[in-house]
Amino acid sequence: MGLAAILALLACLPETVVAQQPVTVFAAASMKNALDAANTAWTEKSGIATSISYAGSSALARQIEAGAPADLFISADLDWMDYLAAQGLIDAASRTSLLGNRIVLIGARGAPAVDIGPGFDLAAVIGDGKLAMAAPDSVPAGRYGKAALESLGVWPSVAAKVAGAENVRAALQYVARGEAPYGIVYRTDAAADPNVTVVGIFPETSHPPIVYPVALLRDVDNPAAADYLAFLKSEEARPFFEAEGFAVLHGDR
């Protein structure tokens, strides 16, 4: 093959490389098990890898705001997606309410059930220990938990006992490792660790609806990103989410 032919061939490569570059996803930490499974299926189907950063939605949104490169964002609440939307950092037309979840009270494996209701004595249940939660003023799981405790009239009695964590998976580990006797996490997180037990489920009316919105970021130049988003919304991906306890919504907002 002559030099001219080789150069002509190389000139065709960038488009192929771009088409096959990994899809970069920023996703709420609580999605890890389900999304890892879905991503394996996506890569087997498409031949395109994914690069996932899991963290608290607040931290991810701040990183995107600061210019971190990503193709797609999945938040554990509407507020942080709204935050990016207000700055014009997402493709609004691509935004979809993907999943729903529940928050639960967990204890060490085998811990007895707790009757969660208005005015329940959570402080007595915790005793001298700590209540593990994602940061209640910023991370969605923590904000849902705080809202539920406020709604039930319990927050003032336990606020000083809260052990804040950078994300919900870190809060889960506090309880799983015995560093805190109880914690508030998503139902899906509790199902992912055999070392914890769900001792109570918070009423859905005690906190805002738990919705995971997903959207492409503004000016995404990865052709595979839209295909990946379509896969997450497909019936093919549904079992991966439902297996971990998520409710599949797929309602546009």
# chains A, B, ... in the order shown; residues from 1 in each chain; ligands from 1
>>> select_by_dssp(residues="stretch 63-101 of chain A", states="alpha helix (DSSP H)", output="PyMOL selection string")
chain A and resi 63-65+78-86
>>> residues_around(residues="A:Ala171", least_positions_apart="4", cutoff="7 Å", atoms="only C-alpha atoms", output="ChimeraX atom specification")
/A:132-134,165,167,175,183
>>> residues_around(residues="A:Phe231", least_positions_apart="2", cutoff="12 Å", atoms="only C-alpha atoms", output="list in words")
Leu35, Ala38, Asn39, Thr40, Ala41, Trp42, Thr43, Lys45, Ser46, Leu98, Ala224, Ala225, Ala226, Asp227, Tyr228, Leu229, Lys233, Ser234, Glu235, Glu236, Ala237, Arg238, Phe240 and His250 of chain A
>>> closest_residue(among="A:Lys130, A:Arg109, A:Arg169, A:Arg102", to="A:Tyr186", atoms="only C-alpha atoms")
A:Arg102
>>> residues_around(residues="A:Ser53", least_positions_apart="4", cutoff="9 Å", atoms="only C-alpha atoms", output="PDB file with N, CA and C atoms, in the first residue's frame")
ATOM      1  N   THR A  24     -19.335   8.556  28.787  1.00  0.00           N
ATOM      2  CA  THR A  24     -18.964   8.984  30.134  1.00  0.00           C
ATOM      3  C   THR A  24     -20.210   9.395  30.897  1.00  0.00           C
ATOM      4  N   VAL A  25     -20.438   8.705  32.011  1.00  0.00           N
ATOM      5  CA  VAL A  25     -21.670   8.882  32.782  1.00  0.00           C
ATOM      6  C   VAL A  25     -21.339   9.307  34.200  1.00  0.00           C
ATOM      7  N   PHE A  26     -22.023  10.338  34.682  1.00  0.00           N
ATOM      8  CA  PHE A  26     -21.981  10.729  36.090  1.00  0.00           C
ATOM      9  C   PHE A  26     -23.298  10.258  36.701  1.00  0.00           C
ATOM     10  N   ALA A  27     -23.224   9.356  37.681  1.00  0.00           N
ATOM     11  CA  ALA A  27     -24.445   8.748  38.210  1.00  0.00           C
ATOM     12  C   ALA A  27     -24.451   8.731  39.729  1.00  0.00           C
ATOM     13  N   ALA A  28     -25.634   8.892  40.302  1.00  0.00           N
ATOM     14  CA  ALA A  28     -25.814   8.833  41.751  1.00  0.00           C
ATOM     15  C   ALA A  28     -25.276   7.515  42.288  1.00  0.00           C
ATOM     16  N   ALA A  29     -24.614   7.585  43.446  1.00  0.00           N
ATOM     17  CA  ALA A  29     -23.953   6.413  44.020  1.00  0.00           C
ATOM     18  C   ALA A  29     -24.910   5.252  44.246  1.00  0.00           C
ATOM     19  N   LEU A  60     -21.527  15.493  41.992  1.00  0.00           N
ATOM     20  CA  LEU A  60     -21.449  15.329  40.534  1.00  0.00           C
ATOM     21  C   LEU A  60     -21.932  16.590  39.812  1.00  0.00           C
TER      22      LEU A  60
END
>>> closest_residue(among="A:Val214, A:Ala124, A:Met31, A:Ala148", to="A:Tyr182", atoms="only C-alpha atoms")
A:Ala124
>>> select_by_dssp(residues="stretch 57-229 of chain A", states="strand (DSSP E or B)", output="PyMOL selection string")
chain A and resi 72-74+90+96-100+103-108+131-134+162-165+182-186+196-201+211-217
>>> atom_distance(atom1="atom CA of A:Ala85", atom2="atom CA of A:Ala55")
19.3 Å
>>> residues_around(residues="stretch 73-77 of chain A", least_positions_apart="4", cutoff="8 Å", atoms="only C-alpha atoms", output="ChimeraX atom specification")
/A:25-28,30,57,81,140-141,210-217
>>> write_last_selection(atoms="N, CA and C atoms", output="compact mmCIF listing (two decimals), in the first residue's frame")
# COMPACT_ATOMS: atom_id res chain seq x y z
N VAL A 25 -20.44 8.71 32.01
CA VAL A 25 -21.67 8.88 32.78
C VAL A 25 -21.34 9.31 34.20
N PHE A 26 -22.02 10.34 34.68
CA PHE A 26 -21.98 10.73 36.09
C PHE A 26 -23.30 10.26 36.70
N ALA A 27 -23.22 9.36 37.68
CA ALA A 27 -24.45 8.75 38.21
C ALA A 27 -24.45 8.73 39.73
N ALA A 28 -25.63 8.89 40.30
CA ALA A 28 -25.81 8.83 41.75
C ALA A 28 -25.28 7.51 42.29
N SER A 30 -26.17 5.55 44.54
CA SER A 30 -27.14 4.50 44.81
C SER A 30 -27.47 3.65 43.60
N SER A 57 -25.15 13.03 44.20
CA SER A 57 -25.62 13.86 43.09
C SER A 57 -25.14 15.30 43.20
N MET A 81 -30.77 18.12 39.11
CA MET A 81 -30.95 18.22 37.66
C MET A 81 -31.50 19.60 37.31
N PRO A 140 -29.06 13.99 48.00
CA PRO A 140 -30.49 13.66 47.95
C PRO A 140 -30.97 12.68 49.00
N ALA A 141 -30.27 11.56 49.20
CA ALA A 141 -30.73 10.57 50.18
C ALA A 141 -30.82 11.19 51.57
N ILE A 210 -39.31 10.38 45.37
CA ILE A 210 -37.92 10.09 45.02
C ILE A 210 -37.87 9.74 43.54
N VAL A 211 -37.32 10.64 42.77
CA VAL A 211 -37.27 10.50 41.31
C VAL A 211 -35.83 10.67 40.85
N TYR A 212 -35.38 9.77 39.99
CA TYR A 212 -34.06 9.83 39.39
C TYR A 212 -34.19 10.33 37.95
N PRO A 213 -33.91 11.61 37.70
CA PRO A 213 -33.93 12.08 36.31
C PRO A 213 -32.60 11.83 35.62
N VAL A 214 -32.66 11.67 34.32
CA VAL A 214 -31.46 11.47 33.50
C VAL A 214 -31.51 12.44 32.33
N ALA A 215 -30.36 12.92 31.92
CA ALA A 215 -30.31 13.82 30.76
C ALA A 215 -28.93 13.80 30.15
N LEU A 216 -28.88 14.03 28.85
CA LEU A 216 -27.61 14.29 28.19
C LEU A 216 -27.15 15.68 28.58
N LEU A 217 -25.86 15.87 28.63
CA LEU A 217 -25.34 17.20 28.89
C LEU A 217 -25.34 18.03 27.61
>>> residues_around(residues="A:Pro208", least_positions_apart="2", cutoff="8 Å", atoms="only C-alpha atoms", output="list of chain:residue names")
A:Tyr144, A:Ala147, A:Glu204, A:Thr205, A:Ser206, A:Ile210
>>> atom_distance(atom1="atom CA of A:Glu150", atom2="atom CA of A:Arg187")
19.6 Å
>>> closest_residue(among="A:Ala66, A:Leu72, A:Ile184, A:Ala123", to="A:Ala230", atoms="only C-alpha atoms")
A:Leu72
>>> closest_residue(among="A:Val139, A:Gly88, A:Asp121, A:Asn33", to="A:Pro156", atoms="only C-alpha atoms")
A:Asp121
>>> closest_residue(among="A:Val104, A:Ala113, A:Ala34, A:Leu152", to="A:Phe202", atoms="only C-alpha atoms")
A:Val104
>>> closest_residue(among="A:Gly119, A:Ala170, A:Ala108, A:Ile103", to="A:Lys146", atoms="only C-alpha atoms")
A:Ile103
>>> atom_distance(atom1="atom CA of A:Ala93", atom2="atom CA of A:Ala49")
24.4 Å
